[in-house]
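Accompanying notes for the structure given below.
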Amino acid sequence: MLTVGIHCYRQIMDGPDFPILGTEPIAVEFANTRYGIGDERIDFLGTARWIEEWFTLVSARHGLPPSDEGLGGDEARVRALRDAVHNVLSAAIDGQVPETGAVDRVNTAAAAAPTHPRLDWTAGSPTAHRLDTTGGSTAVLGRIATCCIDLVTRPHSSILRRCGSPDCSLMFVQNHSRRRYCHPSCAHRDRQARYYRRHLKGATS
Ligand SMILES: [Zn+2]
């Protein structure tokens, strides 16, 4: 399910640098739009325009179904599912049980967009594709909800983590045992901060 990509805090005109890692399943990237902790929190899906921009950046990479009318018109539904996915993935990371309402919301979004397999076998080997039975934002949000359910229920071959840098809240799938940061730039910044703290301590003692 992981897509290979580049780290891209994308700059858009008059908009935010989106925290898109480019390496994570769509449910994780979606949850990461609720960035930061407490007063420092930024909602990267805070306006209809940002929602449109964010989905434009991630849709092709994650093979999301096309949505002609866009998702900006569905602001409240998008953010409600995002908060639910964030709650469910955070609970998985923290070893807790998510809020009932969050689980219900994820289930409702998944149930609203059932998919079915289609067998293609006209020559060579058979292949199967999953087809959507709905379209528009219902299909897109259903795909994300299904990804969230898969992530928290699949075996321990991949494990959800929160970035090891104290000033970063991004989640990621720990695809190798030594990965502690969402991105090498966070690892670098954290190493530097620890170096300066040690250096400063040494200089003042
Ligand atoms: Zn980070």
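Residue numbering restarts at 1 in every chain; chains get A, B, ... in the order shown in the structure tokens, and ligands count up from 1 in that same order.
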
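Taking only C-alpha atoms and all ligand atoms into account, the protein and nucleic acid residues that come at most 8 Å from ligand 1 are Arg162, Cys163, Gly164, Ser165, Asp167, Cys168, Ser169, Leu170, Met171, Tyr181, Cys182, His183, Ser185, Cys186 and Ala187 of chain A.
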
Export, as a PDB file, in the first residue's frame, the selected residues with N, CA and C atoms.
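Now in result-v1.pdb:
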ATOM      1  N   ARG A 162       4.577   7.895  15.787  1.00  0.00           N
ATOM      2  CA  ARG A 162       4.591   9.347  15.711  1.00  0.00           C
ATOM      3  C   ARG A 162       6.051   9.776  15.631  1.00  0.00           C
ATOM      4  N   CYS A 163       6.307  10.855  14.891  1.00  0.00           N
ATOM      5  CA  CYS A 163       7.684  11.300  14.680  1.00  0.00           C
ATOM      6  C   CYS A 163       8.423  11.498  16.006  1.00  0.00           C
ATOM      7  N   GLY A 164       9.697  11.106  16.042  1.00  0.00           N
ATOM      8  CA  GLY A 164      10.505  11.195  17.253  1.00  0.00           C
ATOM      9  C   GLY A 164      10.968  12.596  17.586  1.00  0.00           C
ATOM     10  N   SER A 165      10.779  13.539  16.683  1.00  0.00           N
ATOM     11  CA  SER A 165      11.166  14.918  16.964  1.00  0.00           C
ATOM     12  C   SER A 165      10.111  15.560  17.855  1.00  0.00           C
ATOM     13  N   ASP A 167       9.083  18.479  18.314  1.00  0.00           N
ATOM     14  CA  ASP A 167       8.238  19.549  17.766  1.00  0.00           C
ATOM     15  C   ASP A 167       7.532  19.129  16.475  1.00  0.00           C
ATOM     16  N   CYS A 168       7.398  17.816  16.263  1.00  0.00           N
ATOM     17  CA  CYS A 168       6.724  17.339  15.059  1.00  0.00           C
ATOM     18  C   CYS A 168       5.651  16.326  15.459  1.00  0.00           C
ATOM     19  N   SER A 169       4.486  16.447  14.871  1.00  0.00           N
ATOM     20  CA  SER A 169       3.375  15.560  15.247  1.00  0.00           C
ATOM     21  C   SER A 169       3.030  14.559  14.156  1.00  0.00           C
ATOM     22  N   LEU A 170       3.819  14.508  13.086  1.00  0.00           N
ATOM     23  CA  LEU A 170       3.430  13.672  11.948  1.00  0.00           C
ATOM     24  C   LEU A 170       3.507  12.182  12.279  1.00  0.00           C
ATOM     25  N   MET A 171       2.527  11.455  11.760  1.00  0.00           N
ATOM     26  CA  MET A 171       2.518   9.998  11.928  1.00  0.00           C
ATOM     27  C   MET A 171       3.113   9.358  10.677  1.00  0.00           C
ATOM     28  N   TYR A 181      11.832   8.803  12.648  1.00  0.00           N
ATOM     29  CA  TYR A 181      11.353  10.138  12.277  1.00  0.00           C
ATOM     30  C   TYR A 181      10.489  10.052  11.021  1.00  0.00           C
ATOM     31  N   CYS A 182       9.616  11.089  10.877  1.00  0.00           N
ATOM     32  CA  CYS A 182       8.741  11.093   9.708  1.00  0.00           C
ATOM     33  C   CYS A 182       9.548  11.259   8.431  1.00  0.00           C
ATOM     34  N   HIS A 183      10.667  11.955   8.547  1.00  0.00           N
ATOM     35  CA  HIS A 183      11.455  12.287   7.355  1.00  0.00           C
ATOM     36  C   HIS A 183      12.892  12.585   7.790  1.00  0.00           C
ATOM     37  N   SER A 185      14.727  15.017   7.275  1.00  0.00           N
ATOM     38  CA  SER A 185      14.925  16.408   7.695  1.00  0.00           C
ATOM     39  C   SER A 185      14.588  16.576   9.180  1.00  0.00           C
ATOM     40  N   CYS A 186      13.617  15.813   9.676  1.00  0.00           N
ATOM     41  CA  CYS A 186      13.272  15.857  11.100  1.00  0.00           C
ATOM     42  C   CYS A 186      14.388  15.214  11.928  1.00  0.00           C
ATOM     43  N   ALA A 187      14.937  14.131  11.438  1.00  0.00           N
ATOM     44  CA  ALA A 187      16.037  13.459  12.132  1.00  0.00           C
ATOM     45  C   ALA A 187      17.232  14.407  12.242  1.00  0.00           C
TER      46      ALA A 187
END

**Study point:** DSSP strand (DSSP E) selection over stretch 78-147 of chain A, as a PyMOL selection string
**Key:** chain A and resi 115-120+127-132

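Each of A:Ser137, A:Thr23, A:Thr146, A:Asn175 was checked against A:Leu160 using only C-alpha atoms; the smallest atom-to-atom distance is that of A:Asn175.
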
Practice item. Can you pull out every residue within 12 Å of A:Thr108, counting only C-alpha atoms, but drop anything in the same chain fewer than 5 positions away, and send it as a PyMOL selection string? Key: chain A and resi 77+80-81+84+101-103+113-114+138+141-146+149

Those residues you just picked out, can you put them in a file as a CSV table (one decimal), in the first residue's frame with N, CA, C and O atoms?
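again-v2.csv written:
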chain,number,residue,atom,x,y,z
A,77,ARG,N,-17.8,17.5,6.1
A,77,ARG,CA,-17.7,16.0,6.1
A,77,ARG,C,-16.3,15.6,6.0
A,77,ARG,O,-15.8,14.6,6.6
A,80,ALA,N,-14.6,16.2,9.4
A,80,ALA,CA,-15.1,15.2,10.4
A,80,ALA,C,-14.5,13.9,10.3
A,80,ALA,O,-14.1,13.2,11.2
A,81,LEU,N,-14.4,13.4,9.0
A,81,LEU,CA,-13.7,12.1,8.8
A,81,LEU,C,-12.2,12.2,9.1
A,81,LEU,O,-11.7,11.3,9.7
A,84,ALA,N,-11.8,11.9,12.7
A,84,ALA,CA,-12.1,10.5,13.2
A,84,ALA,C,-10.9,9.6,12.8
A,84,ALA,O,-10.4,8.8,13.7
A,101,GLY,N,-17.4,7.4,18.7
A,101,GLY,CA,-17.9,8.3,17.6
A,101,GLY,C,-16.9,8.2,16.4
A,101,GLY,O,-17.3,8.3,15.3
A,102,ALA,N,-15.6,8.2,16.7
A,102,ALA,CA,-14.6,8.2,15.6
A,102,ALA,C,-14.7,6.9,14.9
A,102,ALA,O,-14.7,6.8,13.6
A,103,VAL,N,-14.8,5.8,15.6
A,103,VAL,CA,-14.9,4.4,14.9
A,103,VAL,C,-16.2,4.4,14.1
A,103,VAL,O,-16.2,4.0,12.9
A,113,ALA,N,-19.3,3.6,0.6
A,113,ALA,CA,-18.6,3.4,-0.6
A,113,ALA,C,-18.1,2.0,-0.8
A,113,ALA,O,-16.9,1.8,-0.9
A,114,PRO,N,-19.0,1.0,-0.9
A,114,PRO,CA,-18.5,-0.3,-1.1
A,114,PRO,C,-17.8,-0.5,-2.5
A,114,PRO,O,-18.1,0.2,-3.4
A,138,THR,N,-18.0,10.8,-1.9
A,138,THR,CA,-18.4,9.6,-1.1
A,138,THR,C,-17.4,8.5,-1.4
A,138,THR,O,-16.9,7.8,-0.5
A,141,LEU,N,-13.8,9.6,0.2
A,141,LEU,CA,-13.8,9.4,1.6
A,141,LEU,C,-13.9,8.0,2.0
A,141,LEU,O,-13.3,7.5,3.0
A,142,GLY,N,-14.6,7.2,1.3
A,142,GLY,CA,-14.8,5.8,1.5
A,142,GLY,C,-13.4,5.1,1.4
A,142,GLY,O,-13.1,4.2,2.2
A,143,ARG,N,-12.7,5.4,0.4
A,143,ARG,CA,-11.4,4.8,0.1
A,143,ARG,C,-10.4,5.1,1.3
A,143,ARG,O,-9.7,4.3,1.8
A,144,ILE,N,-10.5,6.4,1.8
A,144,ILE,CA,-9.6,6.7,2.9
A,144,ILE,C,-10.0,6.0,4.2
A,144,ILE,O,-9.2,5.5,4.9
A,145,ALA,N,-11.3,5.9,4.4
A,145,ALA,CA,-11.8,5.2,5.6
A,145,ALA,C,-11.4,3.7,5.6
A,145,ALA,O,-11.0,3.1,6.6
A,146,THR,N,-11.5,3.1,4.4
A,146,THR,CA,-11.1,1.7,4.2
A,146,THR,C,-9.6,1.5,4.5
A,146,THR,O,-9.2,0.6,5.2
A,149,ILE,N,-9.0,1.5,8.2
A,149,ILE,CA,-9.4,0.2,8.9
A,149,ILE,C,-8.3,-0.8,8.6
A,149,ILE,O,-7.9,-1.5,9.5
